[in-house]
Amino acid sequence: MSDAYVNVNERLVWSRTKLHRKRMIVFALGTAAAVAVVLLADNQLERWAFGAAGAVFFAFCFYDIYRMMEPNSALIELLPQGIIFRTTSEDFIVPWNEIHGVESTDIHFTFRGRTEVYTNVTVVIVSKFFYDCVIKTGNFISRGPGWGAHFIEEGERVKVALHHELLPASAETVRREVEARWKVFGKK
């Protein structure tokens, strides 16, 4: 880990830009594919169905552009009080004194039969009690399909992931910034 200076009292904001750019590429390709099918379709019903799909993809592209331009479009914020997560449907804060450790780990996540591997992900470790009271939601829809890649339950502790793939920062930078603040503001 680098010995670069970290101002732990500074508010550090990692925006949603990288996440929205990735999604916009998918939505733009979906729009283009739907338009191509509409132009090549022989059946009127197919034209209407794929035209509607193209309109939905196009709307999501504009939604992502809007979200990127929002003044408060942070995904993760590091403050002297804790880490604010805006990665789920509900924002939540993890105070530094609730964090029991900071690690880097590889996350293996299976969704629809396909296993994704995220390497060198910075995780903060919180108690299962804190997770159950503050973070966990019983509603499958509000959790979304990627919940298990962000929150890894291991007995009486839960790893909360800060995926550098979604942030405009490297894995080393994320770990350095989080760990420096935790060492200053966390439990002694």
# chains A, B, ... in the order shown; residues from 1 in each chain; ligands from 1
>>> residues_around(residues="segment 114-130 of chain A", least_positions_apart="4", cutoff="12 Å", atoms="only C-alpha atoms", output="PyMOL selection string")
chain A and resi 82-83+85+92-110+134-136+146+148-167+169-179+181-182+186
>>> select_by_dssp(residues="segment 19-89 of chain A", states="helix (DSSP H, G or I)", output="PyMOL selection string")
chain A and resi 19-40+44-69
>>> atom_distance(atom1="atom CA of Ala55 of chain A", atom2="atom CA of Trp147 of chain A")
28.0 Å
>>> residues_around(residues="segment 24-34 of chain A", least_positions_apart="2", cutoff="7 Å", atoms="only C-alpha atoms", output="VMD selection string")
chain A and resid 20 to 22 36 to 38 50 to 51 53 to 54 57 to 58 60 to 61 64
>>> residues_around(residues="Arg16 of chain A", least_positions_apart="2", cutoff="9 Å", atoms="only C-alpha atoms", output="ChimeraX atom specification")
/A:14,18-21,67-68,73-76,166-168
>>> write_last_selection(atoms="all heavy atoms", output="compact mmCIF listing (two decimals), in the first residue's frame")
# COMPACT_ATOMS: atom_id res chain seq x y z
N TRP A 14 -17.10 9.94 -4.33
CA TRP A 14 -16.91 9.15 -5.55
C TRP A 14 -18.25 9.12 -6.27
O TRP A 14 -19.25 8.64 -5.75
CB TRP A 14 -16.42 7.75 -5.23
CG TRP A 14 -14.98 7.71 -4.86
CD1 TRP A 14 -13.95 8.34 -5.49
CD2 TRP A 14 -14.39 7.02 -3.76
NE1 TRP A 14 -12.77 8.07 -4.86
CE2 TRP A 14 -13.00 7.27 -3.79
CE3 TRP A 14 -14.89 6.21 -2.75
CZ2 TRP A 14 -12.12 6.74 -2.88
CZ3 TRP A 14 -14.03 5.68 -1.83
CH2 TRP A 14 -12.65 5.94 -1.90
N LYS A 18 -18.89 6.56 -13.60
CA LYS A 18 -18.38 5.33 -14.20
C LYS A 18 -19.49 4.28 -14.34
O LYS A 18 -19.61 3.62 -15.37
CB LYS A 18 -17.23 4.80 -13.35
CG LYS A 18 -16.41 3.72 -13.98
CD LYS A 18 -15.21 3.42 -13.10
CE LYS A 18 -14.34 2.35 -13.67
NZ LYS A 18 -13.21 2.03 -12.79
N LEU A 19 -20.31 4.15 -13.31
CA LEU A 19 -21.43 3.22 -13.34
C LEU A 19 -22.41 3.58 -14.45
O LEU A 19 -22.83 2.73 -15.23
CB LEU A 19 -22.15 3.22 -11.99
CG LEU A 19 -23.47 2.46 -11.90
CD1 LEU A 19 -23.25 0.97 -12.09
CD2 LEU A 19 -24.15 2.75 -10.58
N HIS A 20 -22.77 4.86 -14.55
CA HIS A 20 -23.75 5.28 -15.56
C HIS A 20 -23.20 5.16 -16.97
O HIS A 20 -23.95 4.85 -17.90
CB HIS A 20 -24.23 6.69 -15.27
CG HIS A 20 -25.17 6.75 -14.10
ND1 HIS A 20 -26.37 6.08 -14.07
CD2 HIS A 20 -25.07 7.38 -12.91
CE1 HIS A 20 -26.98 6.30 -12.92
NE2 HIS A 20 -26.19 7.08 -12.20
N ARG A 21 -21.91 5.40 -17.16
CA ARG A 21 -21.32 5.23 -18.49
C ARG A 21 -21.44 3.79 -18.96
O ARG A 21 -21.80 3.53 -20.10
CB ARG A 21 -19.85 5.64 -18.47
CG ARG A 21 -19.64 7.00 -19.02
CD ARG A 21 -18.18 7.27 -19.29
NE ARG A 21 -17.93 8.62 -18.83
CZ ARG A 21 -17.00 8.97 -17.97
NH1 ARG A 21 -16.17 8.09 -17.50
NH2 ARG A 21 -16.87 10.21 -17.61
N ARG A 67 -29.01 11.42 -14.31
CA ARG A 67 -28.41 11.05 -13.02
C ARG A 67 -26.94 11.44 -12.94
O ARG A 67 -26.44 11.80 -11.88
CB ARG A 67 -28.55 9.55 -12.77
CG ARG A 67 -29.96 9.07 -12.50
CD ARG A 67 -30.49 9.60 -11.20
NE ARG A 67 -29.67 9.18 -10.08
CZ ARG A 67 -30.09 8.63 -8.97
NH1 ARG A 67 -31.37 8.44 -8.81
NH2 ARG A 67 -29.27 8.29 -8.02
N MET A 68 -26.23 11.37 -14.06
CA MET A 68 -24.81 11.77 -14.06
C MET A 68 -24.65 13.27 -13.83
O MET A 68 -23.68 13.71 -13.25
CB MET A 68 -24.15 11.40 -15.39
CG MET A 68 -23.72 9.97 -15.44
SD MET A 68 -22.85 9.44 -16.94
CE MET A 68 -22.66 10.81 -17.97
N SER A 73 -24.77 13.45 -7.14
CA SER A 73 -24.82 12.12 -7.73
C SER A 73 -23.73 11.21 -7.17
O SER A 73 -23.18 10.38 -7.88
CB SER A 73 -24.70 12.21 -9.26
OG SER A 73 -23.40 12.62 -9.61
N ALA A 74 -23.42 11.38 -5.91
CA ALA A 74 -22.39 10.54 -5.29
C ALA A 74 -22.88 9.11 -5.14
O ALA A 74 -24.05 8.87 -4.89
CB ALA A 74 -22.02 11.12 -3.93
N LEU A 75 -21.97 8.18 -5.29
CA LEU A 75 -22.26 6.77 -5.05
C LEU A 75 -21.76 6.39 -3.66
O LEU A 75 -22.46 5.73 -2.91
CB LEU A 75 -21.58 5.92 -6.13
CG LEU A 75 -21.98 4.47 -6.24
CD1 LEU A 75 -23.46 4.33 -6.55
CD2 LEU A 75 -21.17 3.79 -7.34
N ILE A 76 -20.57 6.84 -3.34
CA ILE A 76 -19.95 6.61 -2.03
C ILE A 76 -19.35 7.94 -1.56
O ILE A 76 -18.73 8.64 -2.34
CB ILE A 76 -18.81 5.58 -2.12
CG1 ILE A 76 -19.27 4.25 -2.73
CG2 ILE A 76 -18.12 5.39 -0.78
CD1 ILE A 76 -20.01 3.35 -1.80
N LEU A 166 -16.95 0.26 -9.92
CA LEU A 166 -18.04 1.23 -10.06
C LEU A 166 -17.61 2.66 -9.74
O LEU A 166 -18.37 3.59 -9.97
CB LEU A 166 -19.19 0.85 -9.12
CG LEU A 166 -19.78 -0.54 -9.27
CD1 LEU A 166 -20.84 -0.78 -8.21
CD2 LEU A 166 -20.36 -0.72 -10.66
N LEU A 167 -16.42 2.81 -9.18
CA LEU A 167 -15.96 4.11 -8.70
C LEU A 167 -14.86 4.67 -9.60
O LEU A 167 -14.11 3.92 -10.20
CB LEU A 167 -15.43 3.98 -7.27
CG LEU A 167 -16.39 3.40 -6.25
CD1 LEU A 167 -15.67 3.15 -4.93
CD2 LEU A 167 -17.57 4.32 -6.05
N PRO A 168 -14.74 6.00 -9.64
CA PRO A 168 -13.66 6.60 -10.42
C PRO A 168 -12.35 6.62 -9.61
O PRO A 168 -11.72 7.65 -9.43
CB PRO A 168 -14.18 8.02 -10.68
CG PRO A 168 -15.06 8.31 -9.53
CD PRO A 168 -15.68 7.00 -9.14
>>> atom_distance(atom1="atom CA of Leu79 of chain A", atom2="atom CA of Tyr131 of chain A")
19.5 Å
>>> select_by_dssp(residues="segment 9-169 of chain A", states="strand (DSSP E)", output="VMD selection string")
chain A and resid 12 to 15 74 to 79 82 to 85 92 to 95 99 to 111 114 to 127 151 to 154 157 to 162
>>> closest_residue(among="A:Gly138, A:Ser15, A:Tyr5, A:Val35", to="Trp48 of chain A", atoms="only C-alpha atoms")
A:Val35
>>> atom_distance(atom1="atom CA of Val6 of chain A", atom2="atom CA of Glu77 of chain A")
14.7 Å
